[in-house]
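Chemist: Here you go, this is coords_24.txt (compact mmCIF, C-alpha atoms).
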# COMPACT_ATOMS: atom_id res chain seq x y z
CA MET K 138 -3.86 -31.30 26.30
CA PRO K 139 -5.99 -28.86 24.30
CA PHE K 140 -4.68 -27.50 21.02
CA LEU K 141 -4.43 -23.74 21.52
CA VAL K 142 -3.52 -21.24 18.81
CA ASN K 143 0.09 -20.33 19.60
CA HIS K 144 0.56 -17.45 17.15
CA ILE K 145 -0.24 -15.96 13.77
CA HIS K 146 2.71 -15.27 11.45
CA LEU K 147 2.60 -12.54 8.81
CA LYS K 148 5.22 -11.99 6.13
CA SER K 149 5.98 -8.39 5.16
CA SER K 150 8.44 -6.60 2.92
CA ASP K 151 8.75 -4.07 5.78
CA PRO K 152 8.11 -5.83 9.11
CA LYS K 153 8.68 -2.71 11.22
CA GLN K 154 6.18 -0.66 9.21
CA THR K 155 3.64 -3.49 9.45
CA ALA K 156 4.22 -3.93 13.19
CA ASP K 157 3.89 -0.20 13.79
CA TRP K 158 0.59 -0.22 11.87
CA PHE K 159 -0.75 -3.03 14.09
CA VAL K 160 0.41 -1.13 17.19
CA GLU K 161 -1.62 1.90 16.13
CA ALA K 162 -4.56 0.03 14.61
CA PHE K 163 -5.11 -2.73 17.19
CA LYS K 164 -3.02 -1.73 20.22
CA VAL K 165 -0.67 -4.71 19.90
CA GLN K 166 2.59 -4.44 21.83
CA ILE K 167 5.98 -5.12 20.24
CA MET K 168 7.64 -7.76 22.41
CA SER K 169 10.88 -8.27 20.44
CA ASP K 170 12.56 -7.19 17.21
CA THR K 171 15.54 -9.21 15.97
CA VAL K 172 17.32 -10.37 12.85
CA ARG K 173 17.41 -14.16 12.93
CA ASP K 174 20.12 -16.51 11.62
CA PHE K 175 17.76 -17.12 8.67
CA GLY K 176 18.45 -13.50 7.60
CA ASP K 177 14.92 -12.23 8.21
CA ARG K 178 13.83 -9.41 10.49
CA PHE K 179 11.49 -11.06 13.00
CA ILE K 180 9.16 -8.98 15.15
CA VAL K 181 6.96 -10.55 17.83
CA THR K 182 3.88 -8.58 18.82
CA GLN K 183 1.14 -9.46 21.26
CA THR K 184 -2.54 -8.53 21.26
CA GLU K 185 -4.27 -7.26 24.37
CA GLY K 186 -5.80 -10.74 24.60
CA GLY K 187 -2.37 -12.38 24.63
CA LEU K 188 -2.15 -13.78 21.08
CA ALA K 189 1.27 -13.48 19.46
CA ILE K 190 1.35 -12.01 15.95
CA ASN K 191 4.81 -12.60 14.46
CA ILE K 192 5.82 -10.39 11.54
CA SER K 193 8.89 -11.17 9.46
CA SER K 194 10.54 -10.40 6.14
CA GLU K 195 11.88 -12.85 3.56
CA ARG K 196 14.58 -15.22 4.78
CA THR K 197 17.91 -15.32 2.97
CA GLY K 198 17.31 -16.90 -0.45
CA GLU K 199 13.54 -16.96 0.00
CA THR K 200 11.22 -15.57 -2.67
CA LEU K 201 7.65 -14.95 -1.56
CA GLY K 202 4.57 -14.93 -3.72
CA PRO K 203 2.30 -11.90 -3.77
CA ALA K 204 -0.05 -11.09 -0.91
CA ASP K 205 -3.80 -11.25 -1.51
CA ALA K 206 -6.38 -9.44 0.62
CA ASN K 207 -9.29 -10.90 -1.36
CA ALA K 208 -11.17 -14.05 -0.45
CA HIS K 209 -9.02 -17.07 -1.34
CA TYR K 210 -8.20 -20.67 -0.39
CA GLY K 211 -5.79 -21.37 2.45
CA LEU K 212 -5.45 -19.10 5.45
CA GLU K 213 -7.71 -16.31 4.33
CA HIS K 214 -8.00 -13.90 7.25
CA PHE K 215 -8.03 -13.49 10.99
CA GLY K 216 -10.44 -11.41 13.04
CA PHE K 217 -10.53 -8.73 15.70
CA ASP K 218 -13.55 -7.91 17.86
CA THR K 219 -14.86 -4.35 17.80
CA ASP K 220 -17.39 -2.43 19.89
CA ASP K 221 -18.13 0.05 17.07
CA MET K 222 -17.83 -1.34 13.56
CA ASP K 223 -18.46 1.91 11.70
CA ALA K 224 -16.05 3.97 13.81
CA ASP K 225 -13.30 1.34 13.58
CA ILE K 226 -13.68 0.99 9.81
CA ALA K 227 -13.34 4.77 9.44
CA ARG K 228 -10.35 4.84 11.84
CA LEU K 229 -8.59 1.96 10.07
CA GLN K 230 -9.20 3.49 6.64
CA ALA K 231 -7.56 6.68 7.92
CA LEU K 232 -4.55 4.49 8.82
CA GLY K 233 -4.35 3.08 5.28
CA ALA K 234 -6.72 0.09 5.36
CA GLU K 235 -9.11 -0.55 2.47
CA LEU K 236 -12.70 -1.65 3.10
CA LYS K 237 -13.25 -4.91 1.20
CA GLU K 238 -16.74 -5.97 2.41
CA GLY K 239 -19.36 -4.75 4.81
CA PRO K 240 -20.44 -3.97 7.30
CA ILE K 241 -22.71 -6.98 6.91
CA ALA K 242 -25.58 -7.49 9.37
CA LEU K 243 -25.93 -11.17 10.33
CA PRO K 244 -29.28 -12.75 11.31
CA ASP K 245 -28.12 -13.17 14.93
CA GLY K 246 -27.51 -9.40 15.30
CA ARG K 247 -23.72 -9.41 14.90
CA LYS K 248 -22.02 -7.31 12.23
CA ILE K 249 -18.92 -8.27 10.28
CA GLY K 250 -16.68 -6.44 7.86
CA PHE K 251 -13.44 -7.15 6.04
CA ILE K 252 -10.53 -4.80 5.47
CA ALA K 253 -7.26 -5.05 3.59
CA ALA K 254 -4.53 -3.87 5.94
CA PRO K 255 -1.31 -2.49 4.48
CA GLY K 256 0.63 -5.39 2.95
CA ASP K 257 -2.60 -6.94 1.59
CA ILE K 258 -3.47 -8.66 4.87
CA ARG K 259 -7.17 -9.58 5.07
CA ILE K 260 -8.70 -8.87 8.49
CA GLU K 261 -12.25 -9.42 9.67
CA LEU K 262 -13.87 -7.09 12.19
CA ILE K 263 -16.62 -8.62 14.34
CA GLN K 264 -19.14 -6.61 16.36
CA GLN K 265 -21.03 -8.77 18.84
CA VAL K 266 -24.70 -8.35 19.66
CA SER K 267 -25.08 -5.53 22.18
Rewrite the structure of this file - the entire thing - as structure tokens.

Modeler:
Amino acid sequence: MPFLVNHIHLKSSDPKQTADWFVEAFKVQIMSDTVRDFGDRFIVTQTEGGLAINISSERTGETLGPADANAHYGLEHFGFDTDDMDADIARLQALGAELKEGPIALPDGRKIGFIAAPGDIRIELIQQVS
């Protein structure tokens, strides 16, 4: 059996606001929105490609460390493909994202860039060779 990525899980002080941002920014669809027995609000979204992005708040009694949208050890970022890097960076900045790096032209013709989404979530944008 192959090991497939099942989901990405983001923690947010305001899961609904974060989910709504992803709906507008990346056309994800909200699949469910519940409060779990753990005491956290838990929102399941799905990308157009079918990947689940779960967004939840702190659980009862849980204290989270600060978010960090800069390069760091551990899970550092995840990426979305784009057909127009410059237009998407401008669009995402208008939605509250901060450009962290790029666009960077790679030797193979691709371009990459990194943004900080609201909540200090680091996201890479990848434009394939046309």

Chemist: In Å, with one decimal, what is the gap from CA of Ile249 in chain K to CA of Met222 in chain K?

Modeler: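 Here the two named atoms are 7.7 Å from each other.
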
Chemist: Taking into account all atoms listed in the file, which residue in the set K:Thr219, K:Thr182, K:Gln265, K:Asn143 is nearest to Phe159 in chain K?

Modeler: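 Of all the options, K:Thr182 lies closest to Phe159 in chain K.
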
Chemist: Restricting the calculation to only C-alpha atoms, which member of K:Lys148, K:Lys237, K:Ser267, K:Lys164 is positioned closest to Arg196 in chain K?

Modeler: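 Using only C-alpha atoms, Arg196 in chain K sits closest to K:Lys148.
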
Chemist: Residues near Ala189 in chain K, anyone? I mean within 10 Å using only C-alpha atoms, not counting same-chain ones fewer than 6 positions away, as a PyMOL selection string.

Modeler: chain K and resi 142-146+165-168+181-183

Chemist: Rounded to one decimal, what separation in Å do you get between CA of Leu236 in chain K and CA of Ile258 in chain K?

Modeler: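 These atoms are spaced 11.7 Å apart.
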
Chemist: Would you work out the distance separating CA of Ala231 in chain K from CA of Lys248 in chain K, expressed in Å to one decimal?

Modeler: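 Interatomic distance here is 20.6 Å.
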
Chemist: Counting all atoms listed in the file, which residue out of K:Val172, K:Ala162, K:Leu141, K:Ile260 sits closest to Phe215 in chain K?

Modeler: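 Among the listed residues, the smallest separation from Phe215 in chain K belongs to K:Ile260.
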
Chemist: When you look at Pro152 in chain K with a cut-off of 12 Å (counting all atoms listed in the file), what residues show up, excluding the ones that are within fewer than 2 positions of it in the same chain? I need them as a ChimeraX atom specification.

Modeler: /K:146-150,154-159,167,169-172,177-182,190-195,255-256

Chemist: How would the residues just chosen look if you wrote them out with C-alpha atoms as a CSV table (one decimal), in the coordinates of the input?

Modeler:
chain,number,residue,atom,x,y,z
K,146,HIS,CA,2.7,-15.3,11.4
K,147,LEU,CA,2.6,-12.5,8.8
K,148,LYS,CA,5.2,-12.0,6.1
K,149,SER,CA,6.0,-8.4,5.2
K,150,SER,CA,8.4,-6.6,2.9
K,154,GLN,CA,6.2,-0.7,9.2
K,155,THR,CA,3.6,-3.5,9.4
K,156,ALA,CA,4.2,-3.9,13.2
K,157,ASP,CA,3.9,-0.2,13.8
K,158,TRP,CA,0.6,-0.2,11.9
K,159,PHE,CA,-0.8,-3.0,14.1
K,167,ILE,CA,6.0,-5.1,20.2
K,169,SER,CA,10.9,-8.3,20.4
K,170,ASP,CA,12.6,-7.2,17.2
K,171,THR,CA,15.5,-9.2,16.0
K,172,VAL,CA,17.3,-10.4,12.8
K,177,ASP,CA,14.9,-12.2,8.2
K,178,ARG,CA,13.8,-9.4,10.5
K,179,PHE,CA,11.5,-11.1,13.0
K,180,ILE,CA,9.2,-9.0,15.2
K,181,VAL,CA,7.0,-10.6,17.8
K,182,THR,CA,3.9,-8.6,18.8
K,190,ILE,CA,1.4,-12.0,16.0
K,191,ASN,CA,4.8,-12.6,14.5
K,192,ILE,CA,5.8,-10.4,11.5
K,193,SER,CA,8.9,-11.2,9.5
K,194,SER,CA,10.5,-10.4,6.1
K,195,GLU,CA,11.9,-12.8,3.6
K,255,PRO,CA,-1.3,-2.5,4.5
K,256,GLY,CA,0.6,-5.4,3.0

Chemist: As a list of chain:residue names, please: the residues near Thr197 in chain K (cut-off 10 Å, all atoms listed in the file, same-chain neighbours under 6 positions excluded).

Modeler: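 Near Thr197 in chain K, the qualifying residues are K:Asp174, K:Phe175, K:Gly176, K:Asp177.
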
Chemist: Counting all atoms listed in the file, figure out which residue out of K:Ala253, K:Thr184, K:Gly246, K:Leu262 gets nearest to Asp220 in chain K.

Modeler: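 Among the listed residues, K:Leu262 lies closest to Asp220 in chain K.
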
Chemist: From the list K:Asp221, K:Pro244, K:Ala234, K:Asp257, which residue is nearest Ala208 in chain K when using only C-alpha atoms?

Modeler: K:Asp257

Chemist: Take the point (-10.4, -1.6, 5.2) in the file's coordinates, draw a sphere of radius 9 Å around it, and report as a ChimeraX atom specification every protein, DNA or RNA residue with an atom inside or on it, counting all atoms listed in the file.

Modeler: /K:226-227,229-230,233-238,250-254,259-260
